[in-house]
Every structure is written in structure tokens, then in C-alpha cells.
$ cat entry-v2.pdb   # PDB, C-alpha atoms and all ligand atoms
ATOM      1  CA  MET Z   1      27.969  -0.767 210.153
ATOM      2  CA  ALA Z   2      27.386   2.902 209.509
ATOM      3  CA  ASN Z   3      28.808   2.336 206.047
ATOM      4  CA  THR Z   4      25.758   0.410 204.948
ATOM      5  CA  ARG Z   5      23.782   3.613 204.817
ATOM      6  CA  ARG Z   6      25.899   4.784 201.913
ATOM      7  CA  GLY Z   7      24.730   1.895 199.764
ATOM      8  CA  GLN Z   8      21.702   1.594 197.594
ATOM      9  CA  LEU Z   9      19.390   0.846 200.480
ATOM     10  CA  GLY Z  10      20.269   4.257 201.854
ATOM     11  CA  ALA Z  11      17.649   5.534 199.389
ATOM     12  CA  LEU Z  12      15.025   4.125 201.765
ATOM     13  CA  ARG Z  13      15.449   7.145 203.985
ATOM     14  CA  ARG Z  14      14.513   9.423 201.102
ATOM     15  CA  ILE Z  15      11.382   7.433 200.349
ATOM     16  CA  PHE Z  16      10.166   7.705 203.891
ATOM     17  CA  ALA Z  17      10.605  11.455 203.752
ATOM     18  CA  ARG Z  18       7.545  11.565 201.490
ATOM     19  CA  THR Z  19       4.343  12.765 203.032
ATOM     20  CA  ARG Z  20       1.851  10.653 201.119
ATOM     21  CA  ILE Z  21       1.616   6.899 201.052
ATOM     22  CA  ASP Z  22       0.335   6.358 197.514
ATOM     23  CA  GLU Z  23       0.956   3.982 194.606
ATOM     24  CA  ASP Z  24       4.182   5.780 193.752
ATOM     25  CA  PHE Z  25       5.395   5.223 197.279
ATOM     26  CA  TRP Z  26       4.868   1.470 197.125
ATOM     27  CA  GLU Z  27       6.435   1.198 193.694
ATOM     28  CA  GLU Z  28       9.452   3.181 194.734
ATOM     29  CA  LEU Z  29       9.813   1.173 197.921
ATOM     30  CA  GLU Z  30       9.789  -2.155 196.095
ATOM     31  CA  GLU Z  31      12.234  -0.885 193.476
ATOM     32  CA  THR Z  32      14.622   0.398 196.129
ATOM     33  CA  LEU Z  33      14.549  -2.899 197.999
ATOM     34  CA  ILE Z  34      15.273  -4.819 194.806
ATOM     35  CA  LEU Z  35      18.087  -2.467 193.774
ATOM     36  CA  GLY Z  36      19.490  -2.818 197.271
ATOM     37  CA  ASP Z  37      19.838  -6.605 196.806
ATOM     38  CA  VAL Z  38      17.029  -7.652 199.116
ATOM     39  CA  GLY Z  39      15.862  -9.893 196.274
ATOM     40  CA  GLY Z  40      12.713  -9.898 194.162
ATOM     41  CA  ALA Z  41      10.720 -12.450 196.114
ATOM     42  CA  THR Z  42      11.452 -10.975 199.529
ATOM     43  CA  SER Z  43      10.883  -7.396 198.349
ATOM     44  CA  ALA Z  44       7.498  -8.256 196.833
ATOM     45  CA  ARG Z  45       6.435 -10.131 199.956
ATOM     46  CA  TRP Z  46       7.395  -7.281 202.267
ATOM     47  CA  VAL Z  47       5.584  -4.669 200.196
ATOM     48  CA  GLU Z  48       2.485  -6.809 200.062
ATOM     49  CA  GLU Z  49       2.520  -7.373 203.816
ATOM     50  CA  LEU Z  50       3.187  -3.717 204.576
ATOM     51  CA  ARG Z  51       0.413  -2.547 202.275
ATOM     52  CA  ALA Z  52      -2.034  -4.775 204.075
ATOM     53  CA  GLU Z  53      -1.015  -3.379 207.455
ATOM     54  CA  SER Z  54      -0.624   0.247 206.470
ATOM     55  CA  SER Z  55      -4.034   1.654 205.722
ATOM     56  CA  GLY Z  56      -4.512   5.040 207.337
ATOM     57  CA  LYS Z  57      -0.898   5.109 208.532
ATOM     58  CA  ASP Z  58       1.668   7.806 207.800
ATOM     59  CA  ALA Z  59       5.173   7.366 206.429
ATOM     60  CA  SER Z  60       6.842   7.181 209.795
ATOM     61  CA  ALA Z  61       4.446   4.468 210.972
ATOM     62  CA  VAL Z  62       5.109   2.517 207.779
ATOM     63  CA  ARG Z  63       8.814   2.923 208.314
ATOM     64  CA  LYS Z  64       8.435   1.434 211.771
ATOM     65  CA  LEU Z  65       6.528  -1.521 210.306
ATOM     66  CA  LEU Z  66       9.275  -2.090 207.746
ATOM     67  CA  ARG Z  67      11.947  -1.785 210.382
ATOM     68  CA  ASP Z  68      10.307  -4.410 212.575
ATOM     69  CA  ARG Z  69       9.760  -6.685 209.575
ATOM     70  CA  MET Z  70      13.431  -6.402 208.606
ATOM     71  CA  VAL Z  71      14.708  -7.094 212.107
ATOM     72  CA  ALA Z  72      12.335 -10.030 212.565
ATOM     73  CA  GLY Z  73      13.503 -11.529 209.282
ATOM     74  CA  LEU Z  74      17.122 -11.319 210.356
ATOM     75  CA  GLU Z  75      16.557 -12.639 213.826
ATOM     76  CA  ARG Z  76      14.299 -15.511 212.910
ATOM     77  CA  PRO Z  77      16.676 -18.056 211.401
ATOM     78  CA  SER Z  78      17.679 -20.354 214.171
ATOM     79  CA  ALA Z  79      21.209 -21.568 214.152
ATOM     80  CA  ASN Z  80      21.734 -25.261 213.661
ATOM     81  CA  GLY Z  81      25.024 -24.977 215.404
ATOM     82  CA  SER Z  82      26.279 -22.827 218.223
ATOM     83  CA  LEU Z  83      28.926 -20.595 216.761
ATOM     84  CA  TRP Z  84      30.765 -19.193 219.661
ATOM     85  CA  ASP Z  85      30.275 -15.543 220.370
ATOM     86  CA  ARG Z  86      32.164 -13.127 222.518
ATOM     87  CA  HIS Z  87      29.605 -12.933 225.289
ATOM     88  CA  ASN Z  88      28.280 -16.408 225.322
ATOM     89  CA  GLY Z  89      31.193 -18.544 224.324
ATOM     90  CA  THR Z  90      30.745 -22.273 224.195
ATOM     91  CA  VAL Z  91      33.319 -24.766 223.130
ATOM     92  CA  ALA Z  92      32.214 -28.230 222.163
ATOM     93  CA  GLN Z  93      32.841 -30.961 224.701
ATOM     94  CA  PRO Z  94      35.092 -32.742 224.200
ATOM     95  CA  PRO Z  95      37.097 -30.092 222.359
ATOM     96  CA  PRO Z  96      37.981 -29.046 219.766
ATOM     97  CA  HIS Z  97      35.054 -27.039 218.495
ATOM     98  CA  VAL Z  98      35.394 -27.411 214.744
ATOM     99  CA  VAL Z  99      34.478 -24.690 212.264
ATOM    100  CA  LEU Z 100      34.532 -25.616 208.598
ATOM    101  CA  VAL Z 101      34.826 -22.474 206.490
ATOM    102  CA  VAL Z 102      33.509 -22.536 202.924
ATOM    103  CA  GLY Z 103      32.792 -20.088 200.113
ATOM    104  CA  VAL Z 104      33.795 -19.115 196.590
ATOM    105  CA  ASN Z 105      37.304 -18.037 195.690
ATOM    106  CA  GLY Z 106      38.136 -14.547 196.904
ATOM    107  CA  ALA Z 107      35.110 -14.261 199.192
ATOM    108  CA  GLY Z 108      37.298 -13.628 202.224
ATOM    109  CA  LYS Z 109      37.551 -17.084 203.823
ATOM    110  CA  THR Z 110      41.212 -17.066 204.790
ATOM    111  CA  THR Z 111      41.134 -13.511 206.089
ATOM    112  CA  SER Z 112      37.957 -14.172 208.075
ATOM    113  CA  ILE Z 113      39.528 -17.290 209.611
ATOM    114  CA  ALA Z 114      42.481 -15.223 210.832
ATOM    115  CA  LYS Z 115      40.158 -12.549 212.237
ATOM    116  CA  LEU Z 116      37.953 -15.093 213.990
ATOM    117  CA  ALA Z 117      40.894 -17.028 215.413
ATOM    118  CA  HIS Z 118      42.324 -13.770 216.698
ATOM    119  CA  ALA Z 119      39.006 -12.861 218.352
ATOM    120  CA  TYR Z 120      38.759 -16.308 219.945
ATOM    121  CA  GLN Z 121      42.301 -15.978 221.247
ATOM    122  CA  GLU Z 122      41.553 -12.599 222.742
ATOM    123  CA  ASP Z 123      38.888 -14.368 224.735
ATOM    124  CA  GLY Z 124      41.357 -16.906 226.005
ATOM    125  CA  LYS Z 125      40.576 -19.748 223.600
ATOM    126  CA  SER Z 126      43.342 -21.684 221.898
ATOM    127  CA  THR Z 127      43.019 -22.028 218.140
ATOM    128  CA  MET Z 128      44.499 -24.098 215.347
ATOM    129  CA  LEU Z 129      44.179 -23.516 211.604
ATOM    130  CA  ALA Z 130      43.969 -26.190 208.919
ATOM    131  CA  ALA Z 131      45.128 -25.390 205.393
ATOM    132  CA  ALA Z 132      42.666 -27.585 203.518
ATOM    133  CA  ASP Z 133      42.713 -25.226 200.553
ATOM    134  CA  THR Z 134      45.455 -27.265 198.896
ATOM    135  CA  PHE Z 135      44.561 -26.083 195.411
ATOM    136  CA  ARG Z 136      47.130 -23.276 195.300
ATOM    137  CA  ALA Z 137      50.470 -23.027 197.130
ATOM    138  CA  ALA Z 138      49.792 -19.350 197.750
ATOM    139  CA  ALA Z 139      46.635 -20.220 199.664
ATOM    140  CA  ILE Z 140      48.611 -22.417 202.070
ATOM    141  CA  GLU Z 141      51.285 -19.734 202.517
ATOM    142  CA  GLN Z 142      48.651 -17.077 203.133
ATOM    143  CA  LEU Z 143      47.189 -19.083 206.002
ATOM    144  CA  GLN Z 144      50.673 -19.823 207.380
ATOM    145  CA  THR Z 145      51.497 -16.123 207.341
ATOM    146  CA  TRP Z 146      48.350 -15.317 209.289
ATOM    147  CA  GLY Z 147      49.120 -18.181 211.667
ATOM    148  CA  GLU Z 148      52.560 -16.720 212.398
ATOM    149  CA  ARG Z 149      51.085 -13.287 212.976
ATOM    150  CA  ILE Z 150      48.491 -14.486 215.472
ATOM    151  CA  ASN Z 151      50.675 -17.227 216.852
ATOM    152  CA  ALA Z 152      48.315 -20.078 216.017
ATOM    153  CA  PRO Z 153      49.615 -23.440 214.768
ATOM    154  CA  VAL Z 154      48.794 -24.169 211.125
ATOM    155  CA  ILE Z 155      48.412 -27.757 209.972
ATOM    156  CA  ALA Z 156      49.363 -28.028 206.300
ATOM    157  CA  GLN Z 157      50.609 -30.392 203.647
ATOM    158  CA  GLN Z 158      51.994 -29.543 200.248
ATOM    159  CA  GLN Z 159      49.996 -28.130 197.374
ATOM    160  CA  GLY Z 160      47.768 -30.641 195.643
ATOM    161  CA  SER Z 161      47.477 -32.953 198.636
ATOM    162  CA  ASP Z 162      44.146 -34.354 199.743
ATOM    163  CA  PRO Z 163      42.224 -31.691 201.683
ATOM    164  CA  GLY Z 164      40.442 -34.432 203.619
ATOM    165  CA  ALA Z 165      43.821 -35.670 204.837
ATOM    166  CA  VAL Z 166      44.760 -32.166 205.994
ATOM    167  CA  ALA Z 167      41.480 -31.893 207.900
ATOM    168  CA  TYR Z 168      42.139 -35.325 209.417
ATOM    169  CA  ASP Z 169      45.652 -34.311 210.539
ATOM    170  CA  ALA Z 170      44.328 -31.093 212.027
ATOM    171  CA  LEU Z 171      41.678 -32.882 214.051
ATOM    172  CA  GLU Z 172      44.166 -35.418 215.280
ATOM    173  CA  ALA Z 173      46.548 -32.640 216.350
ATOM    174  CA  GLY Z 174      43.719 -30.551 217.776
ATOM    175  CA  ILE Z 175      42.408 -33.442 219.864
ATOM    176  CA  SER Z 176      45.797 -34.511 221.174
ATOM    177  CA  ARG Z 177      46.878 -30.953 222.001
ATOM    178  CA  ASN Z 178      43.526 -30.149 223.579
ATOM    179  CA  VAL Z 179      42.922 -27.140 221.332
ATOM    180  CA  ASP Z 180      39.652 -25.272 221.883
ATOM    181  CA  ILE Z 181      38.824 -24.319 218.319
ATOM    182  CA  VAL Z 182      39.981 -25.689 214.974
ATOM    183  CA  LEU Z 183      39.182 -23.584 211.923
ATOM    184  CA  ILE Z 184      39.408 -25.372 208.580
ATOM    185  CA  ASP Z 185      40.151 -23.308 205.481
ATOM    186  CA  THR Z 186      38.927 -24.762 202.177
ATOM    187  CA  ALA Z 187      39.341 -24.086 198.475
ATOM    188  CA  GLY Z 188      36.854 -21.918 196.645
ATOM    189  CA  ARG Z 189      37.801 -22.845 193.126
ATOM    190  CA  LEU Z 190      38.303 -26.193 191.467
ATOM    191  CA  GLN Z 191      37.938 -27.182 187.829
ATOM    192  CA  THR Z 192      34.226 -27.507 188.177
ATOM    193  CA  GLN Z 193      31.657 -26.461 190.709
ATOM    194  CA  ARG Z 194      30.647 -30.066 191.015
ATOM    195  CA  ASN Z 195      34.190 -31.102 192.007
ATOM    196  CA  LEU Z 196      34.238 -28.351 194.570
ATOM    197  CA  MET Z 197      30.986 -29.439 196.171
ATOM    198  CA  ALA Z 198      32.027 -33.105 196.144
ATOM    199  CA  GLU Z 199      35.333 -32.207 197.776
ATOM    200  CA  LEU Z 200      33.634 -30.199 200.506
ATOM    201  CA  GLY Z 201      31.256 -33.068 201.148
ATOM    202  CA  LYS Z 202      34.247 -35.359 201.532
ATOM    203  CA  ILE Z 203      36.034 -33.027 203.962
ATOM    204  CA  ARG Z 204      32.861 -32.862 205.972
ATOM    205  CA  ARG Z 205      32.603 -36.634 206.181
ATOM    206  CA  VAL Z 206      36.246 -36.977 207.245
ATOM    207  CA  VAL Z 207      35.652 -34.445 210.002
ATOM    208  CA  GLU Z 208      32.462 -36.178 211.130
ATOM    209  CA  SER Z 209      34.102 -39.567 211.382
ATOM    210  CA  LYS Z 210      37.235 -38.332 213.142
ATOM    211  CA  HIS Z 211      35.468 -36.242 215.767
ATOM    212  CA  PRO Z 212      31.825 -37.115 216.485
ATOM    213  CA  GLY Z 213      29.662 -34.002 216.647
ATOM    214  CA  ALA Z 214      31.994 -32.086 214.356
ATOM    215  CA  PRO Z 215      31.866 -29.937 212.343
ATOM    216  CA  HIS Z 216      30.055 -27.878 214.949
ATOM    217  CA  GLU Z 217      29.720 -25.084 212.475
ATOM    218  CA  VAL Z 218      29.893 -24.698 208.740
ATOM    219  CA  LEU Z 219      30.543 -21.031 208.152
ATOM    220  CA  LEU Z 220      29.813 -19.731 204.657
ATOM    221  CA  VAL Z 221      31.830 -16.619 203.846
ATOM    222  CA  ILE Z 222      30.087 -14.359 201.353
ATOM    223  CA  ASP Z 223      31.495 -11.272 199.699
ATOM    224  CA  ALA Z 224      28.867  -8.654 200.484
ATOM    225  CA  THR Z 225      29.570  -6.907 197.190
ATOM    226  CA  SER Z 226      28.647  -9.967 195.151
ATOM    227  CA  GLY Z 227      24.951  -9.100 195.209
ATOM    228  CA  GLN Z 228      22.197 -11.505 194.269
ATOM    229  CA  ASN Z 229      24.761 -13.964 192.959
ATOM    230  CA  ALA Z 230      25.532 -14.659 196.605
ATOM    231  CA  LEU Z 231      22.104 -16.152 197.073
ATOM    232  CA  SER Z 232      22.638 -18.962 194.585
ATOM    233  CA  GLN Z 233      26.125 -19.545 196.019
ATOM    234  CA  ALA Z 234      24.628 -19.873 199.471
ATOM    235  CA  ARG Z 235      22.064 -22.328 198.202
ATOM    236  CA  GLN Z 236      24.697 -24.561 196.570
ATOM    237  CA  PHE Z 237      27.060 -24.578 199.529
ATOM    238  CA  SER Z 238      24.159 -25.204 201.810
ATOM    239  CA  GLN Z 239      23.140 -28.276 199.872
ATOM    240  CA  ALA Z 240      26.703 -29.629 199.750
ATOM    241  CA  THR Z 241      27.827 -28.975 203.298
ATOM    242  CA  GLY Z 242      24.896 -27.989 205.517
ATOM    243  CA  VAL Z 243      25.841 -24.377 206.181
ATOM    244  CA  THR Z 244      24.970 -23.224 209.709
ATOM    245  CA  ALA Z 245      25.904 -19.547 209.546
ATOM    246  CA  VAL Z 246      27.106 -16.805 207.245
ATOM    247  CA  CYS Z 247      30.030 -14.430 207.608
ATOM    248  CA  LEU Z 248      29.424 -11.437 205.368
ATOM    249  CA  ALA Z 249      32.839 -10.112 204.371
ATOM    250  CA  LYS Z 250      33.617  -6.744 202.768
ATOM    251  CA  LEU Z 251      30.641  -4.935 204.150
ATOM    252  CA  ASP Z 252      32.931  -1.904 204.174
ATOM    253  CA  GLY Z 253      33.116  -1.898 200.393
ATOM    254  CA  THR Z 254      30.495  -0.989 197.832
ATOM    255  CA  SER Z 255      28.085  -3.512 199.278
ATOM    256  CA  LYS Z 256      24.395  -2.778 199.045
ATOM    257  CA  GLY Z 257      23.788  -4.710 202.229
ATOM    258  CA  GLY Z 258      20.351  -5.993 201.266
ATOM    259  CA  ILE Z 259      21.753  -9.427 200.542
ATOM    260  CA  VAL Z 260      21.615 -10.225 204.258
ATOM    261  CA  PHE Z 261      17.821 -10.105 204.113
ATOM    262  CA  ALA Z 262      17.677 -12.332 201.064
ATOM    263  CA  ILE Z 263      19.913 -14.931 202.731
ATOM    264  CA  ALA Z 264      17.988 -14.888 205.991
ATOM    265  CA  GLU Z 265      14.546 -14.855 204.375
ATOM    266  CA  GLU Z 266      15.085 -17.203 201.463
ATOM    267  CA  LEU Z 267      17.523 -19.660 203.020
ATOM    268  CA  GLY Z 268      16.934 -19.318 206.724
ATOM    269  CA  ILE Z 269      20.677 -19.093 207.431
ATOM    270  CA  PRO Z 270      21.658 -16.602 210.132
ATOM    271  CA  VAL Z 271      24.296 -13.977 209.430
ATOM    272  CA  ARG Z 272      26.680 -14.167 212.392
ATOM    273  CA  PHE Z 273      29.655 -12.011 211.519
ATOM    274  CA  VAL Z 274      30.446  -9.093 209.293
ATOM    275  CA  GLY Z 275      33.878  -8.271 207.931
ATOM    276  CA  THR Z 276      34.549  -4.588 207.662
ATOM    277  CA  GLY Z 277      38.121  -4.341 206.416
ATOM    278  CA  GLU Z 278      41.353  -6.171 205.785
ATOM    279  CA  ARG Z 279      42.872  -5.954 209.237
ATOM    280  CA  LEU Z 280      42.636  -8.499 212.044
ATOM    281  CA  GLY Z 281      40.271  -6.440 214.151
ATOM    282  CA  ASP Z 282      37.865  -5.801 211.265
ATOM    283  CA  ILE Z 283      35.225  -8.331 212.230
ATOM    284  CA  ALA Z 284      32.140  -7.969 214.385
ATOM    285  CA  PRO Z 285      29.185 -10.070 215.441
ATOM    286  CA  PHE Z 286      26.211  -9.191 213.265
ATOM    287  CA  ASP Z 287      23.686  -7.027 215.071
ATOM    288  CA  ALA Z 288      20.346  -7.093 213.242
ATOM    289  CA  GLU Z 289      18.832  -4.085 214.987
ATOM    290  CA  ALA Z 290      21.872  -1.899 214.546
ATOM    291  CA  PHE Z 291      22.136  -2.938 210.910
ATOM    292  CA  VAL Z 292      18.515  -2.101 210.115
ATOM    293  CA  ASP Z 293      18.555   1.124 212.088
ATOM    294  CA  ALA Z 294      21.645   2.270 210.191
ATOM    295  CA  LEU Z 295      19.696   1.741 206.973
ATOM    296  CA  LEU Z 296      16.513   3.459 208.022
ATOM    297  CA  SER Z 297      17.350   6.149 210.511
ATOM    298  CA  ASP Z 298      17.251   9.677 209.148
ATOM    299  CA  ASP Z 299      19.909  11.370 211.173
TER     300      ASP Z 299
HETATM  301  N1  LIG N   1      37.740  -4.516 202.405
HETATM  302  C1  LIG N   1      37.724  -5.780 202.828
HETATM  303  N2  LIG N   1      38.506  -6.686 202.240
HETATM  304  C2  LIG N   1      38.474  -7.962 202.679
HETATM  305  C3  LIG N   1      37.609  -8.353 203.754
HETATM  306  N3  LIG N   1      37.794  -9.679 203.941
HETATM  307  C4  LIG N   1      38.711 -10.083 203.045
HETATM  308  N4  LIG N   1      39.128  -9.053 202.275
HETATM  309  C5  LIG N   1      40.100  -9.069 201.166
HETATM  310  O1  LIG N   1      39.584  -9.879 200.116
HETATM  311  C6  LIG N   1      40.650 -10.552 199.442
HETATM  312  C7  LIG N   1      40.364 -12.045 199.395
HETATM  313  O2  LIG N   1      40.390 -12.544 200.723
HETATM  314  P1  LIG N   1      40.783 -14.039 201.075
HETATM  315  O3  LIG N   1      40.631 -14.186 202.534
HETATM  316  O4  LIG N   1      42.089 -14.402 200.494
HETATM  317  O5  LIG N   1      39.626 -14.824 200.302
HETATM  318  P2  LIG N   1      39.446 -16.410 200.085
HETATM  319  O6  LIG N   1      39.885 -16.717 198.694
HETATM  320  O7  LIG N   1      37.975 -16.675 200.254
HETATM  321  O8  LIG N   1      40.265 -17.094 201.121
HETATM  322  C8  LIG N   1      41.908 -10.201 200.209
HETATM  323  O9  LIG N   1      42.565  -9.171 199.511
HETATM  324  C9  LIG N   1      41.407  -9.725 201.560
HETATM  325  O10 LIG N   1      42.275  -8.801 202.150
HETATM  326  C10 LIG N   1      36.770  -7.351 204.360
HETATM  327  O11 LIG N   1      35.966  -7.586 205.282
HETATM  328  N5  LIG N   1      36.873  -6.083 203.859
HETATM  329 MG    MG N   2      41.740 -18.489 200.879
END
$ encode --input "entry-v2.pdb" --output "C-alpha cells"
Amino acid sequence: MANTRRGQLGALRRIFARTRIDEDFWEELEETLILGDVGGATSARWVEELRAESSGKDASAVRKLLRDRMVAGLERPSANGSLWDRHNGTVAQPPPHVVLVVGVNGAGKTTSIAKLAHAYQEDGKSTMLAAADTFRAAAIEQLQTWGERINAPVIAQQQGSDPGAVAYDALEAGISRNVDIVLIDTAGRLQTQRNLMAELGKIRRVVESKHPGAPHEVLLVIDATSGQNALSQARQFSQATGVTAVCLAKLDGTSKGGIVFAIAEELGIPVRFVGTGERLGDIAPFDAEAFVDALLSDD
């Protein structure tokens, strides 16, 4: 996560190097937060709150207040689901634990699925992948290639087939083979956004009816470099599928990082994972304190 300090929000450290907390300070702080993708509403609210709490305080005390505000914002959203984590792994009973993975085209869904499945396997969980992105043949092949590499079965049909039927097949196979975790890949691009949302809603209903309690998670993959646009994406997917957590992919790129605050504050969806590269091991649980400290620390 050290990379995040290179982004726009890295300018925060410079602001806190000032000696005087004056009007210029507050203006510069708000501008930096907005440029760093924290979002207009959240940035304005933070500055207002900090101003109210900061009288007579010096820059380092204000920095501490901001730090605590940022961490609290990231830690507050409560998960609706129980996305398994390395230290506290839970698998739904009866298995499989079903993770429906959604997001726009190119966000990093398929890659993140492979990384997550690999991490689950390393912890002794069996995984199965479902190629419910049937929109392009290449999308199915991409998932199959990952499946071969990590030695996880991939349930697929041919291009153009009903994604709900693929999800259904995968659940049936997952239940009968007693698989711990089924990850369902979905399409990110259809002719219209409305078709896409309707299709995701349908996949969700198929999953719900085939395996009560499922999907246990709906993981929205967001490209961290997509900026404020990601916020409206998150809102739409959330309405269509009931997103329970976010995986922020490509945090290693030119991401400004501030989008995580906007998503947590405005939508109340917790960020659970960050993707930091294209290889299998390039995924980590999101650590709010470490993330904020990397942005604000001055060493
Ligand atoms: N640098 C970087 N690239 C990533 C990351 N996750 C995915 N990618 C790349 O982003 C591109 C799109 O990923 P893909 O998983 O196919 O996206 P999808 O369309 O949402 O399934 C691929 O070239 C991936 O290698 C990440 O965390 N960091
Ligand atoms: Mg894909």
C-alpha cells in the first residue's frame, strides 16, 4: 500500500508541514482531498468537522484528527455478508459459500477471482469458478486459463448462453461436490447498462433459489484508477445486486486512492481487498489504518 503515497493524496503530507492553520490551510486541504478523489461531499464534511474541532490546535494535532476521521470512516461500514478472510475464515453452512463478482468491463473481476480463489486454496479451502460472463468467448477462456493454473474446476457453457444457467450449473456442481467456495464471474458490458443490471439481478435470483442463503457475498470490483466515476458505478451495482463489499483493483497503478473514502462514506460499503498487480499473489485484505498512515505519515 506504500504506493498510495505517490498519488494525489500524497500532497496531504506537504499541507501538514505548514506551521499555521489559517484559511489557506483549510482551502488547500479541501482542494487536495477533492483532487485525491475523496469526493466533494465527503471532503467538505471532513473540513467542516475538523475546523470545528481544531481551534487552538497545531498542524500535527489536526493531522491526527484527520487521520482518525479517515480510519473511522473506513472502518464504520458494517458488512452485510461475511466475506471470508485469512485469519477468520468462515464458510457458509451448508457449503458452498457463494461469491458473486460484479463490476464494469475491465475493472479486474476475472483476475481478482483467480487471486481470491488462489488465496482461499492456500488456506485449505476448495474452490470452483463459474464463467457467467458469457458475453465474449475470450472471457470464458480467460477464466478457464486461470482455473487450469490454480487447479480449480471451471463451470462454463458456450458464448452467448444464459449466465443464469451457468450459475445454476455451478451451484449444482458445487453442492454435489461439496466445494467450499464458488466464485461467479459476470459480464461487465452488455448493449445497455439496463440490460446489464437486469441480467445481474436475474443471476442473483437464480443463485438465491438454488442455494438458500446465497449469494453470501456480492463483491464489486472497482478499478482504483477510475476515480469519481467509480462512485456512480458502485451506486448502480449496489441497487441492482445488493453489493456487500468492494475489491479495489489496480491500486498499484496511477490511482489516487481517495475513492475508498468516497465509497465507504457515501455508500457505506466496506472495502475488503485491494489488488496491487497482475499476478496471483497481488491481492491483500484492506487495512484501513495502514492505508491512511501511508497517506499521511511524513517519513
Ligand atoms: N496493475 C494491475 N492490473 C490489474 C489488476 N487487476 C487486474 N488487472 C489487469 O486489468 C485488466 C483487466 O482485468 P480483468 O480481470 O480481465 O477485468 P474484467 O473485465 O473485470 O474481468 C487485465 O489486463 C488485468 O491483468 C491489479 O490489481 N493491478
Ligand atoms: Mg472478466
$ resolve_selection --input "entry-v2.pdb" --expression "the PyMOL selection byres (((chain Z and resi 99) around 6) and not hetatm)" --output "PyMOL selection string"
chain Z and resi 98+100+183+215+217-218
$ atom_distance --input "entry-v2.pdb" --atom1 "atom CA of Z:Gln144" --atom2 "atom CA of Z:Ala284"
23.1 Å
$ closest_residue --input "entry-v2.pdb" --among "Z:His118, Z:Arg149, Z:Arg272, Z:Arg20" --to "Z:Leu248" --atoms "all atoms listed in the file"
Z:Arg272
$ closest_atom_pairs --input "entry-v2.pdb" --of "chain Z" --to "ligand MG 2 (chain N)" --cutoff "12 Å" --atoms "only C-alpha atoms and all ligand atoms" --output "Markdown table"
| residue | atom | partner | partner_atom | distance |
| --- | --- | --- | --- | --- |
| Z:Val101 | CA | N:MG2 | MG | 9.8 |
| Z:Val102 | CA | N:MG2 | MG | 9.4 |
| Z:Gly103 | CA | N:MG2 | MG | 9.1 |
| Z:Val104 | CA | N:MG2 | MG | 9.1 |
| Z:Asn105 | CA | N:MG2 | MG | 6.8 |
| Z:Gly106 | CA | N:MG2 | MG | 6.7 |
| Z:Ala107 | CA | N:MG2 | MG | 8.0 |
| Z:Gly108 | CA | N:MG2 | MG | 6.7 |
| Z:Lys109 | CA | N:MG2 | MG | 5.3 |
| Z:Thr110 | CA | N:MG2 | MG | 4.2 |
| Z:Thr111 | CA | N:MG2 | MG | 7.2 |
| Z:Ser112 | CA | N:MG2 | MG | 9.2 |
| Z:Ile113 | CA | N:MG2 | MG | 9.1 |
| Z:Ala114 | CA | N:MG2 | MG | 10.5 |
| Z:Ala130 | CA | N:MG2 | MG | 11.4 |
| Z:Ala131 | CA | N:MG2 | MG | 8.9 |
| Z:Ala132 | CA | N:MG2 | MG | 9.5 |
| Z:Asp133 | CA | N:MG2 | MG | 6.8 |
| Z:Thr134 | CA | N:MG2 | MG | 9.7 |
| Z:Phe135 | CA | N:MG2 | MG | 9.8 |
| Z:Arg136 | CA | N:MG2 | MG | 9.1 |
| Z:Ala137 | CA | N:MG2 | MG | 10.5 |
| Z:Ala138 | CA | N:MG2 | MG | 8.7 |
| Z:Ala139 | CA | N:MG2 | MG | 5.3 |
| Z:Ile140 | CA | N:MG2 | MG | 8.0 |
| Z:Glu141 | CA | N:MG2 | MG | 9.8 |
| Z:Gln142 | CA | N:MG2 | MG | 7.4 |
| Z:Leu143 | CA | N:MG2 | MG | 7.5 |
| Z:Gln144 | CA | N:MG2 | MG | 11.1 |
| Z:Thr145 | CA | N:MG2 | MG | 11.9 |
| Z:Trp146 | CA | N:MG2 | MG | 11.2 |
| Z:Ile184 | CA | N:MG2 | MG | 10.6 |
| Z:Asp185 | CA | N:MG2 | MG | 6.9 |
| Z:Thr186 | CA | N:MG2 | MG | 7.0 |
| Z:Ala187 | CA | N:MG2 | MG | 6.5 |
| Z:Gly188 | CA | N:MG2 | MG | 7.3 |
| Z:Arg189 | CA | N:MG2 | MG | 9.7 |
| Z:Val221 | CA | N:MG2 | MG | 10.5 |
$ closest_residue --input "entry-v2.pdb" --among "Z:Glu75, Z:Glu23, Z:Asp223, Z:Asp123" --to "ligand LIG 1 (chain N)" --atoms "only C-alpha atoms and all ligand atoms"
Z:Asp223
$ resolve_selection --input "entry-v2.pdb" --expression "the PyMOL selection byres (((chain Z and resi 287) around 10) and not hetatm)" --output "number ranges by chain"
Z: 1, 71, 74-75, 271-274, 284-286, 288-292
$ closest_residue --input "entry-v2.pdb" --among "Z:Thr276, Z:Ser226, Z:Gln191, Z:Gln93" --to "Z:His211" --atoms "all atoms listed in the file"
Z:Gln93
$ closest_residue --input "entry-v2.pdb" --among "Z:Pro212, Z:Gly40, Z:Pro270, Z:Gly257" --to "Z:Ala234" --atoms "only C-alpha atoms"
Z:Pro270
$ atom_distance --input "entry-v2.pdb" --atom1 "atom CA of Z:Gly56" --atom2 "atom CA of Z:Glu265"
27.7 Å
$ closest_residue --input "entry-v2.pdb" --among "Z:Pro96, Z:Gly275, Z:Gly258, Z:Gly36" --to "Z:Gly174" --atoms "only C-alpha atoms"
Z:Pro96
$ atom_distance --input "entry-v2.pdb" --atom1 "atom C4 of ligand LIG 1 (chain N)" --atom2 "atom CA of Z:Arg279"
8.5 Å
